[in-house]
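Trainee: Sharing data.csv below, CSV, C-alpha atoms:
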```csv
chain,number,residue,atom,x,y,z
A,1,MET,CA,13.0,-12.5,-13.4
A,2,PHE,CA,13.0,-12.4,-9.6
A,3,ILE,CA,13.5,-8.9,-8.2
A,4,ASN,CA,14.9,-8.8,-4.7
A,5,ARG,CA,12.6,-7.2,-2.2
A,6,GLN,CA,13.8,-4.9,0.6
A,7,ILE,CA,11.5,-6.5,3.1
A,8,ALA,CA,13.3,-9.9,2.8
A,9,ARG,CA,15.9,-9.1,5.5
A,10,GLU,CA,13.2,-8.3,8.0
A,11,ILE,CA,11.2,-11.5,7.2
A,12,LYS,CA,14.3,-13.7,7.5
A,13,GLU,CA,15.2,-12.2,10.8
A,14,ALA,CA,11.7,-12.6,12.2
A,15,ALA,CA,11.6,-16.3,11.0
A,16,GLY,CA,14.4,-16.9,13.5
A,17,GLN,CA,12.5,-15.4,16.3
A,18,MET,CA,8.8,-16.3,15.9
A,19,PRO,CA,7.0,-19.6,15.1
A,20,VAL,CA,4.7,-18.1,12.5
A,21,ILE,CA,5.3,-15.5,9.8
A,22,SER,CA,2.3,-13.8,8.0
A,23,ILE,CA,2.8,-12.0,4.6
A,24,THR,CA,-0.2,-10.1,3.4
A,25,GLY,CA,-0.8,-7.6,0.7
A,26,PRO,CA,-2.7,-7.0,-2.5
A,27,ARG,CA,-3.1,-9.7,-5.1
A,28,GLN,CA,0.0,-10.0,-7.4
A,29,SER,CA,2.3,-8.0,-5.1
A,30,GLY,CA,4.8,-10.9,-5.0
A,31,LYS,CA,4.0,-12.6,-1.7
A,32,THR,CA,4.2,-16.2,-2.9
A,33,THR,CA,7.3,-15.6,-5.1
A,34,LEU,CA,9.0,-13.9,-2.1
A,35,ALA,CA,8.1,-16.6,0.4
A,36,ARG,CA,9.3,-19.4,-1.9
A,37,ALA,CA,12.5,-17.6,-2.7
A,38,LEU,CA,13.3,-17.0,1.0
A,39,PHE,CA,12.3,-20.5,2.2
A,40,PRO,CA,13.1,-22.9,-0.7
A,41,ASP,CA,13.2,-26.0,1.5
A,42,TYR,CA,9.6,-25.5,2.9
A,43,LYS,CA,6.7,-27.5,1.6
A,44,TYR,CA,4.4,-25.3,-0.4
A,45,VAL,CA,0.6,-25.6,-0.4
A,46,ASN,CA,-1.8,-23.3,-2.2
A,47,LEU,CA,-5.4,-23.3,-0.8
A,48,GLU,CA,-6.8,-21.9,-4.0
A,49,ASP,CA,-6.3,-25.4,-5.2
A,50,ILE,CA,-9.8,-26.9,-4.6
A,51,GLU,CA,-8.4,-30.4,-3.7
A,52,GLN,CA,-6.0,-29.0,-1.1
A,53,ARG,CA,-8.7,-26.7,0.2
A,54,ASP,CA,-11.3,-29.5,0.6
A,55,PHE,CA,-8.7,-31.6,2.4
A,56,ALA,CA,-7.9,-28.8,4.8
A,57,LEU,CA,-11.6,-28.0,5.4
A,58,ALA,CA,-12.5,-31.7,6.1
A,59,ASP,CA,-9.5,-32.6,8.2
A,60,PRO,CA,-7.4,-29.5,9.4
A,61,LYS,CA,-5.3,-31.6,11.8
A,62,GLY,CA,-4.5,-34.2,9.2
A,63,PHE,CA,-3.8,-31.5,6.6
A,64,LEU,CA,-1.1,-29.9,8.9
A,65,GLN,CA,0.4,-33.3,9.6
A,66,THR,CA,1.0,-33.8,5.9
A,67,THR,CA,2.7,-30.3,5.5
A,68,GLY,CA,5.1,-31.0,8.3
A,69,GLU,CA,6.7,-28.3,10.5
A,70,ARG,CA,8.3,-26.3,7.7
A,71,ALA,CA,5.5,-25.1,5.4
A,72,ILE,CA,4.3,-22.2,3.3
A,73,ILE,CA,0.5,-22.1,3.3
A,74,ASP,CA,-0.7,-19.8,0.5
A,75,GLU,CA,-4.1,-18.0,0.6
A,76,ILE,CA,-4.8,-19.4,4.1
A,77,GLN,CA,-7.9,-17.2,4.5
A,78,TYR,CA,-9.9,-19.8,2.5
A,79,VAL,CA,-9.6,-22.2,5.5
A,80,PRO,CA,-9.8,-20.2,8.7
A,81,GLU,CA,-10.2,-23.4,10.7
A,82,LEU,CA,-6.4,-23.9,10.3
A,83,PHE,CA,-5.5,-21.0,12.5
A,84,SER,CA,-6.5,-22.7,15.8
A,85,TYR,CA,-4.5,-25.8,14.9
A,86,ILE,CA,-1.5,-23.6,13.9
A,87,GLN,CA,-1.8,-21.9,17.3
A,88,ILE,CA,-1.6,-25.3,19.0
A,89,ARG,CA,1.4,-26.3,17.0
A,90,ALA,CA,3.1,-23.0,17.7
A,91,ASP,CA,2.5,-23.4,21.5
A,92,GLU,CA,3.7,-27.0,21.5
A,93,THR,CA,7.1,-26.4,20.0
A,94,ASP,CA,10.1,-24.2,20.6
A,95,LYS,CA,11.0,-24.1,16.9
A,96,LYS,CA,10.9,-20.8,15.0
A,97,GLY,CA,9.7,-20.1,11.5
A,98,ILE,CA,7.6,-23.3,11.3
A,99,TYR,CA,4.8,-21.7,9.2
A,100,ILE,CA,4.9,-19.0,6.5
A,101,LEU,CA,1.3,-17.9,5.9
A,102,THR,CA,0.3,-15.7,2.9
A,103,GLY,CA,-3.0,-14.3,1.8
A,104,SER,CA,-4.6,-11.5,-0.1
A,105,GLN,CA,-7.9,-10.9,1.7
A,106,ASN,CA,-6.3,-8.9,4.5
A,107,PHE,CA,-9.6,-8.0,6.1
A,108,LEU,CA,-10.3,-11.7,6.9
A,109,LEU,CA,-6.6,-12.5,7.7
A,110,ARG,CA,-6.2,-9.7,10.2
A,111,GLU,CA,-9.3,-10.8,12.1
A,112,LYS,CA,-8.2,-14.4,12.4
A,113,ILE,CA,-4.6,-13.5,13.3
A,114,SER,CA,-5.7,-11.2,16.0
A,115,GLN,CA,-8.1,-13.8,17.4
A,116,THR,CA,-5.8,-16.8,17.4
A,117,LEU,CA,-2.1,-16.1,16.7
A,118,ALA,CA,-1.5,-12.9,18.7
A,119,GLY,CA,2.0,-13.1,20.3
A,120,ARG,CA,3.0,-16.0,18.0
A,121,VAL,CA,3.2,-14.3,14.6
A,122,ALA,CA,5.3,-11.6,12.9
A,123,ILE,CA,3.1,-9.7,10.4
A,124,PHE,CA,4.5,-8.3,7.2
A,125,ASN,CA,2.6,-6.3,4.5
A,126,LEU,CA,4.1,-6.6,1.1
A,127,LEU,CA,3.1,-3.8,-1.4
A,128,PRO,CA,4.1,-3.8,-5.1
A,129,LEU,CA,7.6,-2.9,-6.1
A,130,SER,CA,9.3,0.3,-5.0
A,131,VAL,CA,11.4,2.7,-7.1
A,132,ALA,CA,14.5,1.5,-5.2
A,133,GLU,CA,13.8,-2.1,-5.9
A,134,LEU,CA,13.3,-1.4,-9.6
A,135,ASP,CA,16.3,0.8,-9.8
A,136,GLU,CA,18.5,-2.0,-8.6
A,137,TYR,CA,17.8,-3.8,-11.9
A,138,GLY,CA,18.0,-0.7,-14.1
A,139,LEU,CA,14.2,-0.7,-14.6
A,140,VAL,CA,13.5,3.0,-13.6
A,141,THR,CA,12.8,5.4,-16.4
A,142,ASP,CA,13.9,9.0,-16.5
A,143,ASP,CA,10.4,10.4,-16.3
A,144,PRO,CA,7.9,9.6,-13.5
A,145,GLU,CA,4.9,9.6,-15.9
A,146,SER,CA,6.0,6.3,-17.5
A,147,LEU,CA,6.4,4.6,-14.2
A,148,MET,CA,3.2,5.9,-12.8
A,149,HIS,CA,1.2,4.9,-15.8
A,150,LYS,CA,2.6,1.4,-15.8
A,151,GLY,CA,2.4,0.8,-12.1
A,152,PHE,CA,4.5,-1.4,-9.9
A,153,TYR,CA,3.2,-4.9,-9.9
A,154,PRO,CA,6.0,-7.4,-10.2
A,155,ARG,CA,4.4,-9.3,-13.1
A,156,LEU,CA,4.6,-6.3,-15.3
A,157,TYR,CA,8.4,-6.4,-15.0
A,158,SER,CA,9.1,-10.1,-14.9
A,159,SER,CA,7.0,-10.9,-18.1
A,160,LYS,CA,6.7,-9.2,-21.5
A,161,ILE,CA,3.1,-8.4,-21.5
A,162,ASN,CA,0.8,-5.5,-22.4
A,163,TYR,CA,0.5,-3.8,-19.1
A,164,SER,CA,-2.7,-1.9,-19.9
A,165,ASN,CA,-4.5,-5.1,-20.7
A,166,TRP,CA,-3.0,-6.7,-17.6
A,167,LEU,CA,-4.2,-3.9,-15.4
A,168,ASN,CA,-7.6,-4.0,-16.9
A,169,ASP,CA,-7.8,-7.8,-16.2
A,170,TYR,CA,-6.4,-7.3,-12.7
A,171,ILE,CA,-9.2,-4.8,-11.8
A,172,GLN,CA,-11.9,-7.2,-13.1
A,173,THR,CA,-10.6,-10.5,-11.8
A,174,TYR,CA,-8.9,-9.6,-8.5
A,175,ILE,CA,-10.4,-6.4,-7.1
A,176,GLU,CA,-14.0,-7.2,-8.1
A,177,ARG,CA,-13.8,-10.9,-7.3
A,178,ASP,CA,-12.1,-10.5,-3.9
A,179,VAL,CA,-14.4,-7.7,-2.8
A,180,ARG,CA,-17.4,-9.8,-3.7
A,181,GLN,CA,-16.1,-12.6,-1.5
A,182,ILE,CA,-15.7,-10.3,1.5
A,183,VAL,CA,-18.9,-8.3,1.2
A,184,ASN,CA,-22.1,-8.8,-0.5
A,185,VAL,CA,-22.1,-6.4,-3.5
A,186,GLY,CA,-25.6,-6.5,-4.8
A,187,ASP,CA,-25.0,-4.2,-7.8
A,188,LEU,CA,-21.6,-4.9,-9.4
A,189,ASN,CA,-22.1,-2.0,-11.9
A,190,SER,CA,-22.5,0.4,-9.0
A,191,PHE,CA,-19.3,-1.0,-7.4
A,192,ARG,CA,-17.4,-0.5,-10.6
A,193,GLN,CA,-18.6,3.1,-10.8
A,194,PHE,CA,-17.5,3.5,-7.1
A,195,ILE,CA,-13.9,2.4,-7.9
A,196,LYS,CA,-13.8,4.8,-10.8
A,197,VAL,CA,-15.2,7.6,-8.7
A,198,CYS,CA,-12.5,6.9,-6.1
A,199,ALA,CA,-9.8,7.1,-8.8
A,200,ALA,CA,-11.3,10.4,-10.0
A,201,ARG,CA,-10.7,11.8,-6.5
A,202,SER,CA,-7.1,10.8,-6.2
A,203,GLY,CA,-5.4,13.3,-3.9
A,204,GLN,CA,-8.6,15.0,-3.0
A,205,LEU,CA,-10.7,15.2,0.2
A,206,ILE,CA,-13.2,12.4,0.7
A,207,ASN,CA,-16.9,13.3,0.9
A,208,LEU,CA,-18.8,10.1,1.4
A,209,SER,CA,-22.2,11.6,0.8
A,210,GLU,CA,-21.1,13.2,-2.4
A,211,ILE,CA,-19.7,9.9,-3.7
A,212,GLY,CA,-22.9,8.1,-2.7
A,213,ASN,CA,-25.0,10.7,-4.6
A,214,ASP,CA,-22.8,10.3,-7.7
A,215,ILE,CA,-23.4,6.5,-7.9
A,216,SER,CA,-26.9,6.4,-6.2
A,217,VAL,CA,-25.9,4.3,-3.1
A,218,SER,CA,-26.1,5.1,0.6
A,219,TYR,CA,-23.5,6.8,2.8
A,220,LYS,CA,-23.2,3.5,4.7
A,221,THR,CA,-22.6,1.5,1.6
A,222,VAL,CA,-19.8,3.9,0.4
A,223,LYS,CA,-18.2,3.8,3.9
A,224,ARG,CA,-18.3,0.0,3.8
A,225,TRP,CA,-16.9,-0.3,0.3
A,226,LEU,CA,-14.2,2.2,1.1
A,227,SER,CA,-13.1,0.2,4.1
A,228,ILE,CA,-12.9,-3.0,2.1
A,229,LEU,CA,-10.7,-1.4,-0.6
A,230,GLU,CA,-8.5,0.0,2.1
A,231,ALA,CA,-8.2,-3.4,3.8
A,232,SER,CA,-7.3,-5.0,0.5
A,233,TYR,CA,-4.5,-2.5,-0.1
A,234,ILE,CA,-6.1,-1.0,-3.2
A,235,ILE,CA,-6.5,2.4,-1.7
A,236,PHE,CA,-5.2,4.2,1.3
A,237,THR,CA,-6.5,7.3,3.1
A,238,VAL,CA,-4.4,10.0,4.7
A,239,MET,CA,-5.8,11.7,7.8
A,240,PRO,CA,-5.5,15.4,8.5
A,241,TYR,CA,-3.0,16.6,11.1
A,242,TYR,CA,-4.9,18.8,13.6
A,243,LYS,CA,-3.1,18.4,16.9
A,244,ASN,CA,-2.4,21.5,19.0
A,245,PHE,CA,-4.0,23.9,16.6
A,246,ASN,CA,-6.5,26.6,17.6
A,247,LYS,CA,-7.2,27.6,14.0
A,248,ARG,CA,-9.9,26.1,11.9
A,249,ILE,CA,-8.3,22.9,10.4
A,250,ILE,CA,-9.8,20.7,7.6
A,251,LYS,CA,-10.7,17.4,9.2
A,252,SER,CA,-11.7,15.3,6.1
A,253,SER,CA,-9.3,12.6,4.9
A,254,LYS,CA,-7.7,12.3,1.4
A,255,ILE,CA,-7.8,9.3,-0.8
A,256,TYR,CA,-5.1,7.7,-2.9
A,257,PHE,CA,-4.4,4.5,-4.8
A,258,TYR,CA,-1.5,2.3,-3.7
A,259,ASP,CA,-0.7,1.6,-7.3
A,260,THR,CA,-0.8,4.5,-9.8
A,261,GLY,CA,-1.1,2.1,-12.7
A,262,VAL,CA,-4.5,0.9,-11.4
A,263,ALA,CA,-5.6,4.5,-10.9
A,264,CYS,CA,-4.5,5.5,-14.4
A,265,ASN,CA,-6.3,2.5,-15.9
A,266,LEU,CA,-9.5,3.3,-14.1
A,267,LEU,CA,-9.3,6.9,-15.3
A,268,ASN,CA,-8.8,5.7,-18.9
A,269,ILE,CA,-5.5,7.5,-19.2
A,270,ARG,CA,-4.2,5.7,-22.3
A,271,ASN,CA,-0.5,6.6,-22.3
A,272,PRO,CA,2.2,8.4,-20.2
A,273,SER,CA,2.0,11.6,-22.3
A,274,ASP,CA,-1.7,11.9,-21.5
A,275,LEU,CA,-0.9,11.7,-17.8
A,276,SER,CA,1.5,14.6,-18.2
A,277,PHE,CA,-1.4,16.9,-19.0
A,278,HIS,CA,-4.2,15.2,-17.0
A,279,TYR,CA,-6.0,17.4,-14.5
A,280,LEU,CA,-5.3,14.7,-11.8
A,281,ARG,CA,-1.6,14.5,-12.5
A,282,GLY,CA,-0.7,16.3,-9.2
A,283,GLY,CA,-2.9,14.0,-7.1
A,284,ILE,CA,-1.6,10.9,-8.8
A,285,PHE,CA,2.0,12.1,-8.3
A,286,GLU,CA,1.2,12.7,-4.6
A,287,GLY,CA,-0.2,9.2,-4.3
A,288,PHE,CA,3.0,7.8,-6.0
A,289,ILE,CA,5.3,9.5,-3.5
A,290,LEU,CA,3.2,8.7,-0.5
A,291,SER,CA,3.0,5.1,-1.6
A,292,GLU,CA,6.8,5.1,-1.8
A,293,PHE,CA,6.9,6.4,1.8
A,294,LYS,CA,4.5,3.6,2.9
A,295,LYS,CA,6.5,0.9,1.1
A,296,TYR,CA,9.7,2.1,2.7
A,297,MET,CA,8.2,2.2,6.2
A,298,LEU,CA,6.7,-1.3,5.8
A,299,ASN,CA,9.8,-2.8,4.2
A,300,HIS,CA,12.0,-1.5,7.0
A,301,LYS,CA,9.5,-2.0,9.9
A,302,ILE,CA,9.3,1.7,10.7
A,303,PRO,CA,6.2,2.3,12.9
A,304,GLY,CA,4.6,5.6,12.2
A,305,GLU,CA,1.9,7.6,10.5
A,306,ILE,CA,1.5,9.9,7.6
A,307,TYR,CA,-0.8,12.9,7.8
A,308,PHE,CA,-1.5,16.1,5.7
A,309,PHE,CA,-2.2,19.6,6.9
A,310,ARG,CA,-4.8,22.0,5.5
A,311,ASP,CA,-6.6,24.9,7.1
A,312,SER,CA,-9.8,26.7,6.0
A,313,ALA,CA,-7.8,29.4,4.3
A,314,GLY,CA,-6.2,26.9,1.9
A,315,ASN,CA,-2.7,26.7,3.5
A,316,GLU,CA,-1.5,23.2,3.0
A,317,VAL,CA,1.4,20.7,3.4
A,318,ASP,CA,1.0,17.4,1.6
A,319,ALA,CA,2.6,15.1,4.1
A,320,ILE,CA,3.6,15.1,7.7
A,321,ILE,CA,5.5,12.0,8.8
A,322,GLU,CA,5.5,11.1,12.4
A,323,ALA,CA,7.7,8.2,13.3
A,324,ASN,CA,10.2,7.3,16.1
A,325,GLY,CA,9.5,10.6,17.9
A,326,LYS,CA,10.2,12.7,14.8
A,327,PHE,CA,8.0,15.1,13.0
A,328,ILE,CA,8.8,15.8,9.3
A,329,PRO,CA,6.8,18.0,6.9
A,330,VAL,CA,7.0,17.2,3.2
A,331,GLU,CA,5.7,19.1,0.3
A,332,ILE,CA,5.1,17.1,-2.9
A,333,LYS,CA,5.0,18.8,-6.3
A,334,ALA,CA,4.6,17.1,-9.7
A,335,GLY,CA,6.3,20.1,-11.5
A,336,LYS,CA,9.7,19.5,-12.9
A,337,THR,CA,11.0,23.0,-12.2
A,338,ILE,CA,11.7,24.2,-8.6
A,339,LYS,CA,9.5,27.2,-7.9
A,340,PRO,CA,9.2,29.6,-4.9
A,341,GLU,CA,5.6,28.5,-4.2
A,342,PHE,CA,6.8,25.0,-3.4
A,343,PHE,CA,8.0,26.3,-0.1
A,344,LYS,CA,5.0,28.4,0.9
A,345,GLY,CA,3.0,25.8,2.8
A,346,LEU,CA,6.1,24.5,4.7
A,347,LEU,CA,7.0,28.0,5.9
A,348,TYR,CA,3.4,28.7,7.0
A,349,LEU,CA,3.3,25.5,9.0
A,350,LYS,CA,6.6,26.0,10.7
A,351,ASN,CA,5.6,29.6,11.7
A,352,LEU,CA,2.3,28.3,13.0
A,353,LEU,CA,4.1,25.7,15.1
A,354,LYS,CA,6.8,28.2,16.1
A,355,LEU,CA,9.4,25.7,14.8
A,356,THR,CA,11.1,27.8,12.2
A,357,GLU,CA,14.3,25.7,12.4
A,358,LEU,CA,12.5,22.4,11.8
A,359,GLN,CA,14.0,20.3,9.0
A,360,ASP,CA,11.5,19.8,6.1
A,361,PHE,CA,11.5,18.6,2.6
A,362,VAL,CA,10.2,19.1,-0.9
A,363,ILE,CA,9.8,16.2,-3.4
A,364,TYR,CA,9.2,17.2,-7.0
A,365,GLY,CA,9.0,15.8,-10.5
A,366,GLY,CA,12.6,16.7,-11.4
A,367,ASP,CA,15.9,15.2,-10.6
A,368,THR,CA,17.9,17.9,-8.8
A,369,THR,CA,18.9,17.8,-5.1
A,370,GLN,CA,19.1,21.2,-3.4
A,371,LYS,CA,19.5,22.6,0.1
A,372,ARG,CA,17.6,25.8,0.9
A,373,ALA,CA,17.9,27.0,4.5
A,374,ASN,CA,16.2,24.2,6.5
A,375,THR,CA,14.5,22.7,3.5
A,376,THR,CA,16.0,19.9,1.4
A,377,VAL,CA,14.7,19.4,-2.1
A,378,TYR,CA,14.8,15.9,-3.6
A,379,GLY,CA,13.9,14.7,-7.1
A,380,TRP,CA,11.3,11.9,-7.2
A,381,LYS,CA,13.8,9.1,-7.6
A,382,ASN,CA,15.3,10.1,-4.2
A,383,ALA,CA,12.1,10.6,-2.3
A,384,ASN,CA,12.9,7.9,0.2
A,385,LYS,CA,15.9,9.8,1.4
A,386,VAL,CA,13.4,11.7,3.5
A,387,LEU,CA,13.0,8.5,5.6
A,388,TYR,CA,16.7,7.6,6.0
A,389,GLN,CA,16.9,9.4,9.4
A,390,PHE,CA,14.3,7.1,10.9
```
In C-alpha cells, how does this file's structure come out?
Mentor:
Amino acid sequence: MFINRQIAREIKEAAGQMPVISITGPRQSGKTTLARALFPDYKYVNLEDIEQRDFALADPKGFLQTTGERAIIDEIQYVPELFSYIQIRADETDKKGIYILTGSQNFLLREKISQTLAGRVAIFNLLPLSVAELDEYGLVTDDPESLMHKGFYPRLYSSKINYSNWLNDYIQTYIERDVRQIVNVGDLNSFRQFIKVCAARSGQLINLSEIGNDISVSYKTVKRWLSILEASYIIFTVMPYYKNFNKRIIKSSKIYFYDTGVACNLLNIRNPSDLSFHYLRGGIFEGFILSEFKKYMLNHKIPGEIYFFRDSAGNEVDAIIEANGKFIPVEIKAGKTIKPEFFKGLLYLKNLLKLTELQDFVIYGGDTTQKRANTTVYGWKNANKVLYQF
C-alpha cells in the first residue's frame, strides 16, 4: 500500500522550478517509493546495485548519457564523482526537474551538494510517516502508546510483518552499517552501547562526558558519534532558548529519537502497555510530538527552529517554536488528564518575557481540545494544529 506523503506537493512544485531535486532522509523512510510515484516516467537507477555502481564509477559521463535527462538516481552518495557531471548538465540546459537524487547518508550528501550543486538543487528531507499521513488511511490508533511503540516507518504499514523484529533488524543492518561506512567505528560493541545509552536519555539533557564514562570512550568519540546519528536522521537535539534572559538558564541540549519505535526497541520495551508505565514515557512522548512538529515543518517547507526553556530553578517549557517571525511556547505532557500543573511553565515563561497575552499551547496524551485564557490545549492527534498559523 502506497501512503500519500504531505511533502509530495512541494517536491512536484520544485521540480518545475529547479533542474535537480534531492530527497534525503533516514533509511526506509520512503524516499525511493515517493520519487518513483511522483515521477513514474523517469528512468530509475539504484547505485546500491554493484554493476550500476561500477559503471558509474568507471565512466560517470557515459553513465549519465545512458540515464538520459529524466532520471531518478538512488543512493547517489556511493558515486560522488557524479555530482560534478550533474552540475555540468544542469548548467547546460534550461530544463527543470532533470534529475531526482535520493540518498540515506545525509552527512556525505550534504557535503557534496553544498560543494557542487548549490543554486541548482532543491533539497527535501523525508522523515518517516506522520500521524496526519497515517490518519488519512485510518491507521491511527486511539492510544498514543501503540503508535509510539510501533514507530512510523512506511514498511511497517505497507506489509504484514512483525514490527519488533523489523525494528531490531533495522537497527543492526541500517544504523550500524551506515554509520560504519561514514566513520571508523573501531569497537562495534561500544557503538551499540552508545545508541542504547542515547535511547535511555530520551528527553533528557545531554552530558557527553557522562555518556563517555558509561561506555568507556572519549568525549570526542561521543561527540563524533552523536553528530553522525544526527546527520543520519536517527536522533535530533533540541537547543535551549536563552535569548534576552538575565537569569541563569540551562545551556545543555536535549536528545530525542526521530522514530519512537526505534527508541522503544533499543530500550527493550516489549509492548505498548509496558511503555505506559515506563520511566521514560514522558521523554519518549515529548520526542514523538517534537518529531511530528519537525515532520510538518519539513513537509511544508516552513523554515524555523525548535528550542526548549529551562532555568536553574527547574522552571521549564518543553518547546519554543520560532518560525516566520513568530514565537510559540508549547508544553508537552504524556498524561491523559488535563491538570493545572500543565500550565505552570508556560505562565512562568510569559511573565518572565513580559508577554502575558502571548498565545501558547499544551499538547497532552488525551483527546480533548480546550481553550483556557490564552492557552489552547490539543490532544496528541491534533498536535500539528499548533503549526497551522505558520
Trainee: For the atom pair atom CA of A:Lys336 and atom CA of A:Phe236, what is the interatomic distance in Å to one decimal place?
Mentor: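 It comes out at 25.6 Å.
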Trainee: Which value, in Å to one decimal, gives the distance between atom CA of A:Arg9 and atom CA of A:Ile76?
Mentor: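 Atom-to-atom, atom CA of A:Arg9 and atom CA of A:Ile76 are spaced 23.2 Å apart.
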Trainee: Out of A:Ala118, A:Leu167, A:Met18, A:Leu352, which residue has the shortest atom-to-atom distance to A:Tyr99 when counting all atoms listed in the file?
Mentor: A:Met18
Trainee: Could you tell me how far atom CA of A:Ser130 sits from atom CA of A:Lys196, in Å to one decimal place?
Mentor: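 Separation of atom CA of A:Lys196 and atom CA of A:Ser130: 24.2 Å.
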Trainee: Can you put all heavy atoms back into stretch 161-168 of chain A and show it as a PDB file, in the frame of the given file?
Mentor:
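File written: selection.pdb
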```pdb
ATOM      1  N   ILE A 161       4.492  -8.419 -21.258  1.00  0.00           N
ATOM      2  CA  ILE A 161       3.100  -8.400 -21.500  1.00  0.00           C
ATOM      3  C   ILE A 161       2.584  -6.971 -21.693  1.00  0.00           C
ATOM      4  O   ILE A 161       3.279  -6.015 -21.342  1.00  0.00           O
ATOM      5  CB  ILE A 161       2.282  -9.029 -20.287  1.00  0.00           C
ATOM      6  CG1 ILE A 161       2.662  -8.333 -18.972  1.00  0.00           C
ATOM      7  CG2 ILE A 161       2.536 -10.514 -20.196  1.00  0.00           C
ATOM      8  CD1 ILE A 161       1.926  -8.873 -17.764  1.00  0.00           C
ATOM      9  N   ASN A 162       1.401  -6.840 -22.274  1.00  0.00           N
ATOM     10  CA  ASN A 162       0.800  -5.500 -22.400  1.00  0.00           C
ATOM     11  C   ASN A 162       0.252  -5.088 -21.089  1.00  0.00           C
ATOM     12  O   ASN A 162      -0.720  -5.640 -20.577  1.00  0.00           O
ATOM     13  CB  ASN A 162      -0.349  -5.622 -23.472  1.00  0.00           C
ATOM     14  CG  ASN A 162      -0.999  -4.275 -23.744  1.00  0.00           C
ATOM     15  OD1 ASN A 162      -1.442  -3.583 -22.829  1.00  0.00           O
ATOM     16  ND2 ASN A 162      -1.070  -3.902 -25.012  1.00  0.00           N
ATOM     17  N   TYR A 163       0.897  -4.100 -20.491  1.00  0.00           N
ATOM     18  CA  TYR A 163       0.500  -3.800 -19.100  1.00  0.00           C
ATOM     19  C   TYR A 163      -0.845  -3.150 -18.990  1.00  0.00           C
ATOM     20  O   TYR A 163      -1.518  -3.332 -17.977  1.00  0.00           O
ATOM     21  CB  TYR A 163       1.617  -2.895 -18.456  1.00  0.00           C
ATOM     22  CG  TYR A 163       1.751  -1.480 -18.948  1.00  0.00           C
ATOM     23  CD1 TYR A 163       0.921  -0.474 -18.473  1.00  0.00           C
ATOM     24  CD2 TYR A 163       2.760  -1.122 -19.837  1.00  0.00           C
ATOM     25  CE1 TYR A 163       1.065   0.840 -18.885  1.00  0.00           C
ATOM     26  CE2 TYR A 163       2.918   0.191 -20.254  1.00  0.00           C
ATOM     27  CZ  TYR A 163       2.072   1.165 -19.775  1.00  0.00           C
ATOM     28  OH  TYR A 163       2.223   2.472 -20.185  1.00  0.00           O
ATOM     29  N   SER A 164      -1.310  -2.446 -20.009  1.00  0.00           N
ATOM     30  CA  SER A 164      -2.700  -1.900 -19.900  1.00  0.00           C
ATOM     31  C   SER A 164      -3.706  -2.976 -19.900  1.00  0.00           C
ATOM     32  O   SER A 164      -4.662  -2.912 -19.115  1.00  0.00           O
ATOM     33  CB  SER A 164      -2.907  -0.952 -21.139  1.00  0.00           C
ATOM     34  OG  SER A 164      -2.071   0.189 -21.085  1.00  0.00           O
ATOM     35  N   ASN A 165      -3.519  -4.006 -20.720  1.00  0.00           N
ATOM     36  CA  ASN A 165      -4.500  -5.100 -20.700  1.00  0.00           C
ATOM     37  C   ASN A 165      -4.382  -5.875 -19.374  1.00  0.00           C
ATOM     38  O   ASN A 165      -5.402  -6.295 -18.821  1.00  0.00           O
ATOM     39  CB  ASN A 165      -4.143  -6.109 -21.851  1.00  0.00           C
ATOM     40  CG  ASN A 165      -4.483  -5.520 -23.208  1.00  0.00           C
ATOM     41  OD1 ASN A 165      -5.238  -4.552 -23.303  1.00  0.00           O
ATOM     42  ND2 ASN A 165      -3.913  -6.085 -24.259  1.00  0.00           N
ATOM     43  N   TRP A 166      -3.155  -6.044 -18.856  1.00  0.00           N
ATOM     44  CA  TRP A 166      -3.000  -6.700 -17.600  1.00  0.00           C
ATOM     45  C   TRP A 166      -3.699  -6.000 -16.448  1.00  0.00           C
ATOM     46  O   TRP A 166      -4.376  -6.603 -15.620  1.00  0.00           O
ATOM     47  CB  TRP A 166      -1.508  -6.912 -17.255  1.00  0.00           C
ATOM     48  CG  TRP A 166      -1.239  -7.774 -16.055  1.00  0.00           C
ATOM     49  CD1 TRP A 166      -1.027  -9.120 -16.032  1.00  0.00           C
ATOM     50  CD2 TRP A 166      -1.182  -7.332 -14.683  1.00  0.00           C
ATOM     51  NE1 TRP A 166      -0.842  -9.552 -14.742  1.00  0.00           N
ATOM     52  CE2 TRP A 166      -0.932  -8.476 -13.886  1.00  0.00           C
ATOM     53  CE3 TRP A 166      -1.320  -6.106 -14.051  1.00  0.00           C
ATOM     54  CZ2 TRP A 166      -0.800  -8.423 -12.498  1.00  0.00           C
ATOM     55  CZ3 TRP A 166      -1.206  -6.041 -12.666  1.00  0.00           C
ATOM     56  CH2 TRP A 166      -0.942  -7.180 -11.904  1.00  0.00           C
ATOM     57  N   LEU A 167      -3.535  -4.690 -16.416  1.00  0.00           N
ATOM     58  CA  LEU A 167      -4.200  -3.900 -15.400  1.00  0.00           C
ATOM     59  C   LEU A 167      -5.687  -3.957 -15.472  1.00  0.00           C
ATOM     60  O   LEU A 167      -6.392  -4.049 -14.455  1.00  0.00           O
ATOM     61  CB  LEU A 167      -3.700  -2.440 -15.445  1.00  0.00           C
ATOM     62  CG  LEU A 167      -2.266  -2.180 -14.964  1.00  0.00           C
ATOM     63  CD1 LEU A 167      -1.793  -0.795 -15.393  1.00  0.00           C
ATOM     64  CD2 LEU A 167      -2.157  -2.335 -13.449  1.00  0.00           C
ATOM     65  N   ASN A 168      -6.201  -3.923 -16.683  1.00  0.00           N
ATOM     66  CA  ASN A 168      -7.600  -4.000 -16.900  1.00  0.00           C
ATOM     67  C   ASN A 168      -8.158  -5.367 -16.365  1.00  0.00           C
ATOM     68  O   ASN A 168      -9.185  -5.440 -15.661  1.00  0.00           O
ATOM     69  CB  ASN A 168      -7.987  -3.849 -18.354  1.00  0.00           C
ATOM     70  CG  ASN A 168      -9.479  -3.726 -18.593  1.00  0.00           C
ATOM     71  OD1 ASN A 168     -10.144  -2.852 -18.040  1.00  0.00           O
ATOM     72  ND2 ASN A 168     -10.025  -4.614 -19.404  1.00  0.00           N
TER      73      ASN A 168
END
```
